[in-house]
$ cat start-v7.csv   # CSV, C-alpha atoms
chain,number,residue,atom,x,y,z
A,1,MET,CA,76.1,-199.5,137.9
A,2,THR,CA,75.9,-199.5,134.1
A,3,ALA,CA,72.4,-199.2,132.6
A,4,ILE,CA,71.4,-202.5,131.1
A,5,ASP,CA,69.6,-202.8,127.8
A,6,PRO,CA,66.2,-204.0,128.9
A,7,ARG,CA,65.9,-206.2,125.8
A,8,ALA,CA,68.8,-208.3,127.1
A,9,GLY,CA,68.1,-211.4,129.2
A,10,SER,CA,66.5,-214.8,128.7
A,11,THR,CA,65.0,-217.6,130.7
A,12,GLU,CA,66.4,-221.1,130.8
A,13,HIS,CA,63.0,-222.7,131.1
A,14,GLU,CA,60.0,-222.5,128.7
A,15,THR,CA,58.8,-219.0,128.4
A,16,PRO,CA,55.3,-218.4,129.7
A,17,ASP,CA,52.9,-216.8,127.2
A,18,PRO,CA,52.1,-213.3,128.5
A,19,THR,CA,49.1,-213.0,126.2
A,20,ALA,CA,47.6,-216.0,127.8
A,21,LEU,CA,48.3,-214.8,131.3
A,22,ILE,CA,46.7,-211.4,130.5
A,23,ALA,CA,43.7,-213.1,129.0
A,24,LEU,CA,43.3,-215.3,132.1
A,25,ALA,CA,43.4,-212.2,134.3
A,26,GLU,CA,40.9,-210.4,132.1
A,27,ALA,CA,38.5,-213.4,132.2
A,28,ARG,CA,38.6,-214.0,135.9
A,29,SER,CA,39.2,-210.7,137.6
A,30,ALA,CA,37.0,-207.6,138.0
A,31,HIS,CA,37.9,-204.9,135.5
A,32,ASN,CA,38.6,-202.2,138.1
A,33,TYR,CA,42.1,-201.7,136.7
A,34,HIS,CA,43.5,-201.3,133.2
A,35,PRO,CA,47.1,-202.4,133.5
A,36,LEU,CA,49.7,-201.9,130.8
A,37,PRO,CA,50.2,-205.1,128.7
A,38,VAL,CA,53.2,-206.5,130.6
A,39,VAL,CA,53.4,-209.5,133.0
A,40,LEU,CA,56.1,-209.1,135.7
A,41,THR,CA,57.7,-212.0,137.5
A,42,SER,CA,60.7,-210.7,139.5
A,43,GLY,CA,62.4,-207.5,140.6
A,44,ALA,CA,65.6,-206.2,142.2
A,45,GLY,CA,66.2,-202.6,143.1
A,46,ALA,CA,64.8,-200.3,140.4
A,47,TRP,CA,64.5,-203.1,137.8
A,48,VAL,CA,61.9,-205.7,137.2
A,49,THR,CA,61.8,-208.7,134.8
A,50,ASP,CA,58.7,-209.9,132.8
A,51,VAL,CA,57.8,-213.5,132.1
A,52,THR,CA,59.7,-213.4,128.8
A,53,GLY,CA,63.0,-212.4,130.6
A,54,ARG,CA,62.9,-208.8,129.5
A,55,ARG,CA,64.2,-206.3,132.1
A,56,LEU,CA,62.4,-203.0,132.6
A,57,LEU,CA,63.2,-199.9,134.6
A,58,ASP,CA,60.5,-199.2,137.2
A,59,TRP,CA,59.5,-195.5,137.3
A,60,LEU,CA,56.3,-196.0,139.3
A,61,ALA,CA,57.6,-197.7,142.5
A,62,GLY,CA,54.1,-199.0,143.4
A,63,TYR,CA,52.8,-195.5,143.8
A,64,SER,CA,55.6,-194.9,146.3
A,65,ALA,CA,55.1,-198.2,148.2
A,66,LEU,CA,58.4,-199.3,146.7
A,67,ASN,CA,60.5,-196.3,147.8
A,68,PHE,CA,63.2,-198.8,148.9
A,69,GLY,CA,63.1,-200.7,145.7
A,70,HIS,CA,62.2,-204.3,144.9
A,71,GLY,CA,63.6,-206.9,147.3
A,72,HIS,CA,65.7,-204.7,149.4
A,73,PRO,CA,68.1,-207.1,151.2
A,74,ARG,CA,67.7,-205.5,154.6
A,75,LEU,CA,63.9,-205.6,154.4
A,76,LEU,CA,63.9,-209.2,153.1
A,77,ALA,CA,66.2,-210.4,155.8
A,78,ARG,CA,64.0,-208.8,158.5
A,79,ALA,CA,60.9,-210.3,157.0
A,80,HIS,CA,62.4,-213.8,156.6
A,81,ALA,CA,63.6,-213.8,160.2
A,82,GLN,CA,60.2,-212.8,161.5
A,83,LEU,CA,58.4,-215.4,159.3
A,84,ASP,CA,60.1,-218.1,161.3
A,85,ARG,CA,59.0,-216.6,164.6
A,86,LEU,CA,55.5,-215.1,164.7
A,87,THR,CA,53.4,-213.4,162.0
A,88,LEU,CA,50.0,-212.7,163.6
A,89,THR,CA,48.5,-212.4,167.1
A,90,SER,CA,45.6,-210.0,166.5
A,91,ARG,CA,45.5,-207.1,169.0
A,92,ALA,CA,43.8,-209.5,171.5
A,93,PHE,CA,47.3,-210.1,172.8
A,94,HIS,CA,50.6,-208.2,173.0
A,95,HIS,CA,53.6,-209.2,171.0
A,96,ASP,CA,57.3,-208.3,171.5
A,97,LEU,CA,57.6,-205.8,168.5
A,98,PHE,CA,54.4,-203.8,168.9
A,99,GLY,CA,55.6,-201.3,171.5
A,100,ARG,CA,58.9,-200.8,169.7
A,101,PHE,CA,57.2,-200.1,166.4
A,102,CYS,CA,54.8,-197.5,167.9
A,103,ALA,CA,57.6,-195.8,169.9
A,104,GLU,CA,60.1,-195.6,167.1
A,105,LEU,CA,57.5,-194.5,164.5
A,106,ALA,CA,56.2,-191.8,166.9
A,107,GLU,CA,59.7,-190.6,167.5
A,108,LEU,CA,60.5,-190.5,163.8
A,109,CYS,CA,57.5,-188.2,163.3
A,110,GLY,CA,58.0,-186.2,166.5
A,111,MET,CA,54.7,-187.4,167.9
A,112,ASP,CA,53.4,-189.3,170.9
A,113,ARG,CA,51.2,-192.1,169.8
A,114,VAL,CA,50.6,-194.5,166.9
A,115,LEU,CA,47.4,-196.2,165.8
A,116,PRO,CA,48.5,-198.9,163.3
A,117,MET,CA,46.3,-200.2,160.4
A,118,ASN,CA,47.1,-201.9,157.1
A,119,THR,CA,46.2,-200.0,153.9
A,120,GLY,CA,46.4,-196.3,153.2
A,121,ALA,CA,42.6,-196.0,152.9
A,122,GLU,CA,42.3,-197.6,156.3
A,123,ALA,CA,44.6,-194.9,157.7
A,124,VAL,CA,42.5,-192.2,156.2
A,125,GLU,CA,39.3,-193.7,157.5
A,126,THR,CA,41.0,-193.9,160.9
A,127,GLY,CA,42.1,-190.3,160.7
A,128,VAL,CA,38.5,-189.2,159.9
A,129,LYS,CA,37.2,-191.2,162.8
A,130,THR,CA,39.9,-189.8,165.1
A,131,ALA,CA,39.2,-186.2,164.1
A,132,ARG,CA,35.4,-186.6,164.6
A,133,LYS,CA,35.9,-188.3,168.0
A,134,TRP,CA,38.3,-185.6,169.1
A,135,GLY,CA,35.8,-183.0,167.8
A,136,TYR,CA,33.0,-184.3,170.0
A,137,ARG,CA,35.0,-185.3,173.1
A,138,VAL,CA,37.6,-182.5,173.2
A,139,ARG,CA,36.3,-179.6,171.2
A,140,GLY,CA,32.7,-180.0,172.2
A,141,ILE,CA,31.1,-180.1,168.8
A,142,PRO,CA,27.4,-181.1,169.1
A,143,ALA,CA,26.8,-184.8,168.3
A,144,GLY,CA,26.6,-185.7,164.7
A,145,ARG,CA,27.6,-182.2,163.3
A,146,ALA,CA,31.4,-182.5,162.9
A,147,ARG,CA,32.7,-181.3,159.6
A,148,ILE,CA,36.1,-181.8,157.9
A,149,VAL,CA,37.5,-179.5,155.2
A,150,VAL,CA,39.2,-181.3,152.3
A,151,ALA,CA,40.7,-180.1,149.0
A,152,ALA,CA,39.4,-180.5,145.4
A,153,ASP,CA,41.3,-183.0,143.3
A,154,ASN,CA,42.3,-185.0,146.3
A,155,PHE,CA,43.1,-188.7,146.4
A,156,HIS,CA,42.8,-190.3,149.8
A,157,GLY,CA,41.6,-193.8,148.9
A,158,ARG,CA,38.7,-195.7,147.6
A,159,THR,CA,36.2,-196.4,150.4
A,160,THR,CA,32.7,-195.0,150.0
A,161,THR,CA,33.4,-192.3,152.6
A,162,ILE,CA,36.6,-191.2,150.9
A,163,VAL,CA,35.2,-191.2,147.3
A,164,GLY,CA,32.2,-189.2,148.7
A,165,PHE,CA,34.5,-186.2,149.2
A,166,SER,CA,36.5,-186.7,146.0
A,167,THR,CA,35.9,-184.5,143.0
A,168,ASP,CA,36.8,-187.3,140.6
A,169,GLU,CA,33.5,-188.2,139.0
A,170,GLU,CA,34.8,-191.5,137.7
A,171,ALA,CA,35.7,-192.5,141.3
A,172,ARG,CA,32.4,-191.4,142.6
A,173,ALA,CA,30.1,-192.8,139.9
A,174,ASP,CA,27.5,-195.3,141.2
A,175,HIS,CA,28.9,-195.4,144.7
A,176,GLY,CA,26.4,-193.2,146.5
A,177,PRO,CA,24.7,-192.2,148.8
A,178,PHE,CA,27.8,-190.7,150.4
A,179,THR,CA,28.8,-189.8,154.0
A,180,PRO,CA,28.0,-186.2,154.8
A,181,GLY,CA,30.2,-183.8,156.8
A,182,PHE,CA,32.9,-182.8,154.3
A,183,ASP,CA,33.5,-179.3,152.8
A,184,ILE,CA,35.6,-179.2,149.6
A,185,VAL,CA,37.7,-176.1,148.8
A,186,PRO,CA,40.3,-175.4,146.1
A,187,TYR,CA,43.7,-176.9,146.7
A,188,GLY,CA,46.5,-174.3,147.4
A,189,ASP,CA,44.1,-171.6,148.6
A,190,ALA,CA,44.6,-171.1,152.4
A,191,ARG,CA,41.9,-168.3,152.5
A,192,ALA,CA,39.4,-170.8,151.2
A,193,VAL,CA,40.3,-173.2,154.0
A,194,GLU,CA,39.7,-170.4,156.6
A,195,ALA,CA,36.5,-169.4,155.0
A,196,ALA,CA,35.2,-173.0,155.2
A,197,ILE,CA,36.2,-173.3,158.8
A,198,GLU,CA,34.4,-170.1,159.6
A,199,ALA,CA,31.3,-171.1,157.7
A,200,ALA,CA,31.1,-174.3,159.8
A,201,ASP,CA,30.4,-172.0,162.7
A,202,GLY,CA,32.3,-174.0,165.4
A,203,THR,CA,31.6,-177.4,164.0
A,204,CYS,CA,34.8,-177.9,162.0
A,205,ALA,CA,36.9,-180.7,163.5
A,206,ALA,CA,39.8,-180.9,161.0
A,207,VAL,CA,41.4,-180.0,157.7
A,208,LEU,CA,42.6,-183.0,155.7
A,209,LEU,CA,45.2,-182.3,153.0
A,210,GLU,CA,47.9,-184.0,150.9
A,211,PRO,CA,51.1,-181.9,151.2
A,212,ILE,CA,51.5,-182.8,147.5
A,213,GLN,CA,48.6,-184.1,145.5
A,214,GLY,CA,49.9,-187.3,143.8
A,215,GLU,CA,47.1,-188.6,141.7
A,216,ALA,CA,46.1,-185.1,140.6
A,217,GLY,CA,49.4,-185.0,138.7
A,218,VAL,CA,52.0,-184.3,141.5
A,219,ILE,CA,50.6,-180.9,142.3
A,220,VAL,CA,52.9,-178.9,144.6
A,221,PRO,CA,51.0,-176.2,146.5
A,222,PRO,CA,52.2,-172.5,146.4
A,223,PRO,CA,55.0,-171.7,148.9
A,224,GLY,CA,53.7,-171.0,152.3
A,225,TYR,CA,50.3,-172.8,151.8
A,226,LEU,CA,50.9,-175.5,154.3
A,227,ALA,CA,52.2,-173.1,156.9
A,228,ALA,CA,49.2,-170.8,156.4
A,229,VAL,CA,46.8,-173.7,156.8
A,230,ARG,CA,48.7,-174.8,160.0
A,231,GLU,CA,48.4,-171.3,161.4
A,232,THR,CA,44.7,-171.0,160.5
A,233,THR,CA,43.9,-174.4,162.1
A,234,ARG,CA,45.7,-173.4,165.3
A,235,ARG,CA,43.9,-170.1,165.5
A,236,HIS,CA,40.5,-171.7,165.0
A,237,GLY,CA,41.3,-174.7,167.3
A,238,VAL,CA,40.8,-177.4,164.7
A,239,LEU,CA,43.1,-180.2,163.6
A,240,MET,CA,45.4,-180.3,160.6
A,241,ILE,CA,45.7,-183.8,159.1
A,242,ALA,CA,48.5,-184.4,156.6
A,243,ASP,CA,48.0,-187.4,154.3
A,244,GLU,CA,51.6,-188.4,153.7
A,245,ILE,CA,50.8,-191.8,152.4
A,246,GLN,CA,52.4,-191.1,149.0
A,247,SER,CA,54.5,-188.0,149.8
A,248,GLY,CA,56.1,-189.3,153.0
A,249,LEU,CA,59.0,-191.6,154.1
A,250,GLY,CA,61.7,-190.2,151.8
A,251,ARG,CA,59.8,-189.6,148.6
A,252,THR,CA,60.5,-185.8,148.4
A,253,GLY,CA,64.0,-185.8,149.9
A,254,ARG,CA,62.7,-185.4,153.5
A,255,THR,CA,61.3,-187.9,155.8
A,256,LEU,CA,57.9,-186.1,155.6
A,257,ALA,CA,56.9,-183.6,152.9
A,258,CYS,CA,55.5,-181.2,155.5
A,259,GLU,CA,59.1,-180.7,156.6
A,260,HIS,CA,59.8,-178.6,153.5
A,261,GLU,CA,57.7,-175.8,155.1
A,262,GLY,CA,58.6,-176.6,158.7
A,263,VAL,CA,55.0,-177.6,159.4
A,264,VAL,CA,54.0,-180.1,162.0
A,265,PRO,CA,50.3,-181.2,161.7
A,266,ASP,CA,48.2,-182.7,164.4
A,267,LEU,CA,48.0,-186.1,162.7
A,268,TYR,CA,50.2,-187.8,160.0
A,269,LEU,CA,48.6,-190.5,157.9
A,270,LEU,CA,51.3,-192.9,156.7
A,271,GLY,CA,51.2,-196.0,154.5
A,272,LYS,CA,52.7,-197.4,151.3
A,273,ALA,CA,56.5,-197.2,151.9
A,274,LEU,CA,56.0,-198.0,155.6
A,275,GLY,CA,55.6,-201.7,154.5
A,276,GLY,CA,58.8,-201.6,152.5
A,277,GLY,CA,57.0,-202.9,149.4
A,278,LEU,CA,56.6,-206.3,151.1
A,279,LEU,CA,53.2,-206.0,152.8
A,280,PRO,CA,50.6,-203.4,153.6
A,281,VAL,CA,51.4,-201.3,156.7
A,282,SER,CA,49.8,-198.0,157.6
A,283,ALA,CA,49.4,-195.8,160.6
A,284,VAL,CA,47.9,-192.7,162.1
A,285,VAL,CA,50.5,-190.8,164.2
A,286,GLY,CA,49.7,-187.9,166.5
A,287,SER,CA,49.7,-186.4,170.0
A,288,ASP,CA,48.4,-187.9,173.2
A,289,GLU,CA,45.5,-185.4,173.1
A,290,VAL,CA,44.3,-186.5,169.7
A,291,VAL,CA,45.1,-190.2,169.2
A,292,GLY,CA,44.4,-190.7,172.9
A,293,VAL,CA,40.6,-190.2,172.3
A,294,HIS,CA,40.3,-193.9,171.3
A,295,ARG,CA,39.1,-196.3,173.9
A,296,PRO,CA,39.1,-200.2,173.8
A,297,GLY,CA,36.5,-201.6,171.5
A,298,GLU,CA,35.8,-198.5,169.5
A,299,HIS,CA,38.1,-199.1,166.6
A,300,GLY,CA,40.4,-201.9,165.5
A,301,SER,CA,41.9,-204.2,162.9
A,302,THR,CA,42.7,-207.9,162.9
A,303,PHE,CA,46.0,-207.4,161.0
A,304,GLY,CA,46.9,-203.9,162.2
A,305,GLY,CA,50.2,-203.8,164.0
A,306,ASN,CA,50.9,-207.6,163.4
A,307,PRO,CA,54.4,-208.9,164.2
A,308,LEU,CA,55.5,-209.3,160.6
A,309,ALA,CA,54.3,-205.8,159.7
A,310,CYS,CA,56.1,-204.3,162.8
A,311,ALA,CA,59.3,-206.2,161.9
A,312,VAL,CA,59.5,-204.8,158.4
A,313,ALA,CA,58.4,-201.3,159.4
A,314,LEU,CA,61.0,-201.2,162.1
A,315,GLU,CA,63.7,-201.8,159.5
A,316,VAL,CA,62.1,-199.0,157.3
A,317,ILE,CA,62.2,-196.7,160.2
A,318,ALA,CA,65.9,-197.6,160.9
A,319,MET,CA,66.8,-196.8,157.3
A,320,LEU,CA,65.0,-193.5,157.4
A,321,ARG,CA,66.7,-192.6,160.7
A,322,GLU,CA,70.1,-193.2,159.1
A,323,GLY,CA,69.1,-190.6,156.4
A,324,GLU,CA,70.6,-192.1,153.3
A,325,PRO,CA,67.3,-192.5,151.4
A,326,GLN,CA,66.4,-188.8,152.0
A,327,ARG,CA,69.9,-187.7,151.0
A,328,TRP,CA,69.9,-189.8,147.8
A,329,ALA,CA,66.4,-188.7,147.0
A,330,THR,CA,67.5,-185.1,147.1
A,331,GLU,CA,70.3,-185.7,144.6
A,332,LEU,CA,68.1,-187.8,142.3
A,333,GLY,CA,65.4,-185.1,142.4
A,334,GLY,CA,68.0,-182.5,141.3
A,335,THR,CA,68.9,-184.6,138.3
A,336,LEU,CA,65.3,-185.5,137.4
A,337,HIS,CA,64.0,-181.9,137.5
A,338,ARG,CA,67.0,-180.5,135.7
A,339,GLU,CA,66.5,-182.9,132.8
A,340,LEU,CA,62.8,-182.5,132.7
A,341,THR,CA,63.1,-178.7,132.7
A,342,ALA,CA,65.5,-178.9,129.8
A,343,MET,CA,62.9,-181.0,127.9
A,344,ARG,CA,60.2,-178.4,128.7
A,345,GLU,CA,62.4,-175.6,127.4
A,346,ASP,CA,63.3,-177.5,124.2
A,347,PRO,CA,61.0,-176.3,121.4
A,348,GLY,CA,61.2,-179.7,119.8
A,349,SER,CA,59.8,-181.4,122.8
A,350,GLY,CA,56.2,-182.0,123.7
A,351,VAL,CA,56.7,-181.4,127.4
A,352,VAL,CA,54.3,-178.6,128.4
A,353,ALA,CA,54.8,-178.4,132.1
A,354,VAL,CA,56.7,-180.1,134.9
A,355,ARG,CA,55.9,-180.2,138.6
A,356,GLY,CA,57.2,-182.1,141.6
A,357,ARG,CA,59.7,-182.4,144.4
A,358,GLY,CA,62.5,-184.8,144.8
A,359,PRO,CA,62.4,-187.9,142.5
A,360,TRP,CA,58.6,-187.4,142.0
A,361,ALA,CA,57.3,-185.5,139.0
A,362,GLY,CA,54.1,-184.8,137.1
A,363,VAL,CA,54.7,-184.1,133.4
A,364,ASP,CA,52.0,-182.5,131.3
A,365,LEU,CA,52.4,-183.4,127.6
A,366,ASP,CA,51.2,-181.8,124.4
A,367,PRO,CA,47.9,-183.7,123.7
A,368,ALA,CA,49.0,-184.0,120.1
A,369,LEU,CA,51.6,-186.6,121.3
A,370,GLY,CA,48.7,-188.8,122.6
A,371,THR,CA,47.2,-189.5,125.9
A,372,GLY,CA,49.2,-190.2,129.0
A,373,ARG,CA,48.2,-193.9,128.6
A,374,GLU,CA,49.6,-194.0,125.0
A,375,VAL,CA,52.8,-192.3,126.1
A,376,SER,CA,53.2,-194.9,128.9
A,377,GLU,CA,52.7,-197.7,126.3
A,378,ARG,CA,55.5,-196.2,124.2
A,379,MET,CA,57.8,-196.0,127.2
A,380,LEU,CA,57.0,-199.6,127.9
A,381,GLU,CA,58.2,-200.5,124.4
A,382,ARG,CA,61.5,-198.8,125.3
A,383,GLY,CA,61.9,-200.6,128.6
A,384,VAL,CA,60.6,-198.1,131.1
A,385,LEU,CA,57.5,-198.6,133.3
A,386,LEU,CA,55.5,-195.5,134.2
A,387,LYS,CA,51.8,-194.6,134.4
A,388,ASP,CA,49.5,-191.7,133.4
A,389,THR,CA,47.5,-189.8,135.9
A,390,ARG,CA,44.9,-187.8,133.9
A,391,ALA,CA,44.5,-186.9,130.2
A,392,SER,CA,48.0,-186.2,128.8
A,393,THR,CA,49.8,-186.2,132.2
A,394,ILE,CA,52.3,-188.8,133.3
A,395,ARG,CA,54.0,-189.3,136.6
A,396,ILE,CA,57.5,-190.3,137.4
A,397,ALA,CA,58.4,-191.8,140.8
A,398,PRO,CA,61.3,-194.3,140.6
A,399,PRO,CA,62.4,-196.2,143.7
A,400,LEU,CA,64.8,-194.2,145.8
A,401,VAL,CA,67.5,-196.8,145.2
A,402,ILE,CA,67.8,-196.1,141.5
A,403,THR,CA,71.2,-195.1,140.3
A,404,GLU,CA,71.7,-191.7,138.6
A,405,GLU,CA,73.0,-193.5,135.5
A,406,ASP,CA,69.8,-195.6,135.2
A,407,LEU,CA,67.6,-192.5,135.9
A,408,VAL,CA,69.3,-190.7,133.0
A,409,TRP,CA,69.0,-193.7,130.8
A,410,GLY,CA,65.2,-193.6,131.4
A,411,LEU,CA,65.1,-189.9,130.7
A,412,GLU,CA,66.8,-190.5,127.4
A,413,ARG,CA,64.0,-192.9,126.5
A,414,LEU,CA,61.5,-190.3,127.5
A,415,ARG,CA,63.2,-187.6,125.4
A,416,GLU,CA,62.8,-189.9,122.4
A,417,VAL,CA,59.1,-190.4,123.1
A,418,VAL,CA,58.2,-186.8,123.6
A,419,ARG,CA,59.9,-185.5,120.4
A,420,ARG,CA,57.2,-183.7,118.3

$ encode --input "start-v7.csv" --output "structure tokens"
Amino acid sequence: MTAIDPRAGSTEHETPDPTALIALAEARSAHNYHPLPVVLTSGAGAWVTDVTGRRLLDWLAGYSALNFGHGHPRLLARAHAQLDRLTLTSRAFHHDLFGRFCAELAELCGMDRVLPMNTGAEAVETGVKTARKWGYRVRGIPAGRARIVVAADNFHGRTTTIVGFSTDEEARADHGPFTPGFDIVPYGDARAVEAAIEAADGTCAAVLLEPIQGEAGVIVPPPGYLAAVRETTRRHGVLMIADEIQSGLGRTGRTLACEHEGVVPDLYLLGKALGGGLLPVSAVVGSDEVVGVHRPGEHGSTFGGNPLACAVALEVIAMLREGEPQRWATELGGTLHRELTAMREDPGSGVVAVRGRGPWAGVDLDPALGTGREVSERMLERGVLLKDTRASTIRIAPPLVITEEDLVWGLERLREVVRR
């Protein structure tokens, strides 16, 4: 596929005024986001179109929710077919896709049971509840004393419980008082994890980690870190919970990022790409011993595991079982990191550091070039959509369906922007 000049394209009808649309959103919505000044109206694959008819290359992929691109035909076909049949029952009743969804997702992850939810934050909250319940009922932790070890610079969602164990002061500000029971240690330090477990004196229920920290700037831990944490949790009899909501389902070139170290945690937390970019679908996946602690009436969700969600997720699972997304992600990752490394080594470039795995990268820029937000705005002017994380760091995470030619086209735009 030939890369298309994003400035090409037009609409046959009257062009909506993006400035007016942005002004309406600003006037009528809460200001909890600061979007780039672009108004999108359609998308296909790795490309989106704004209301003026301009095409732009998507390098964010909905924070990995769009791993399979915009409007993937297989996913759309599955959703359209289910829309004509049944969309919601609540869990008050069985439906014909629920058992298949749970069985096939559990098999994909090498686990026994699935507890379906909707958003990633719900999956994390459910993981926390599951770990505590397991700690009390199986491990015998005294009531009300269960602790969970987490990592600094984590991002697990936006609920009050989750931001309570965040180290991002902007996320925490004015949301307290916070839920107790969490111990924060440096990310990438397995000894610190063990020390926190020992300090809990038998009350630690779990260690909750991202295999790669996405919002922190795509931070890949030192080799052997995940394996060391897994060995430590086994030895101390506590759970290891892997938040694979961003890193999982093909993003790093494997079905799950933990596979890069041969690690199998006790619980996987999944979301984002599980819904194929069409609707929110999340899940907690684990063993009979752990997920089986839940009893009727103790936890639930009106929309969790609904027929439409199961139909789309089953197609996502089928695509991952075929292996093509993971294979192509590995190839794309090789190209992406080779080109980014060349930029970093170029003395005329403002690229300071590059991290990541597969087609997922965090790029630290010379602050003299501007903030990550300002660099993202310059990339928007050149037809590429990406987003900053912190300070002068940008992230790159294109849909896994992007062609190598389009990826390189976007990298050429980045090379222009980061020239000193």

$ atom_distance --input "start-v7.csv" --atom1 "atom CA of Gly217 of chain A" --atom2 "atom CA of Phe178 of chain A"
25.2 Å

$ atom_distance --input "start-v7.csv" --atom1 "atom CA of Gly176 of chain A" --atom2 "atom CA of Arg158 of chain A"
12.6 Å

$ closest_residue --input "start-v7.csv" --among "A:Glu215, A:Thr302, A:Pro221, A:Val39" --to "Ala391 of chain A" --atoms "only C-alpha atoms"
A:Glu215

$ residues_around --input "start-v7.csv" --residues "Arg413 of chain A" --least-positions-apart "4" --cutoff "7 Å" --atoms "only C-alpha atoms" --output "MDAnalysis selection string"
chainID A and resid 379 382 409 417

$ closest_residue --input "start-v7.csv" --among "A:Val408, A:Val351, A:Ala173, A:Ile141" --to "Thr160 of chain A" --atoms "only C-alpha atoms"
A:Ala173

$ closest_residue --input "start-v7.csv" --among "A:Gly286, A:Val263, A:Pro399, A:Leu320" --to "Pro116 of chain A" --atoms "all atoms listed in the file"
A:Gly286

$ residues_around --input "start-v7.csv" --residues "Ile148 of chain A" --least-positions-apart "6" --cutoff "8 Å" --atoms "all atoms listed in the file" --output "PyMOL selection string"
chain A and resi 181-183+204-208

$ write_last_selection --input "start-v7.csv" --atoms "C-alpha atoms" --output "PDB file, in the frame of the given file"
ATOM      1  CA  GLY A 181      30.200-183.800 156.800  1.00  0.00           C
ATOM      2  CA  PHE A 182      32.900-182.800 154.300  1.00  0.00           C
ATOM      3  CA  ASP A 183      33.500-179.300 152.800  1.00  0.00           C
ATOM      4  CA  CYS A 204      34.800-177.900 162.000  1.00  0.00           C
ATOM      5  CA  ALA A 205      36.900-180.700 163.500  1.00  0.00           C
ATOM      6  CA  ALA A 206      39.800-180.900 161.000  1.00  0.00           C
ATOM      7  CA  VAL A 207      41.400-180.000 157.700  1.00  0.00           C
ATOM      8  CA  LEU A 208      42.600-183.000 155.700  1.00  0.00           C
TER       9      LEU A 208
END

$ closest_residue --input "start-v7.csv" --among "A:Ala46, A:Leu249, A:Ala200, A:Ala216" --to "Thr167 of chain A" --atoms "all atoms listed in the file"
A:Ala216

$ atom_distance --input "start-v7.csv" --atom1 "atom CA of Glu377 of chain A" --atom2 "atom CA of Thr159 of chain A"
29.2 Å

$ closest_residue --input "start-v7.csv" --among "A:Leu108, A:Ala171, A:Ile22, A:Ala77" --to "Arg321 of chain A" --atoms "all atoms listed in the file"
A:Leu108
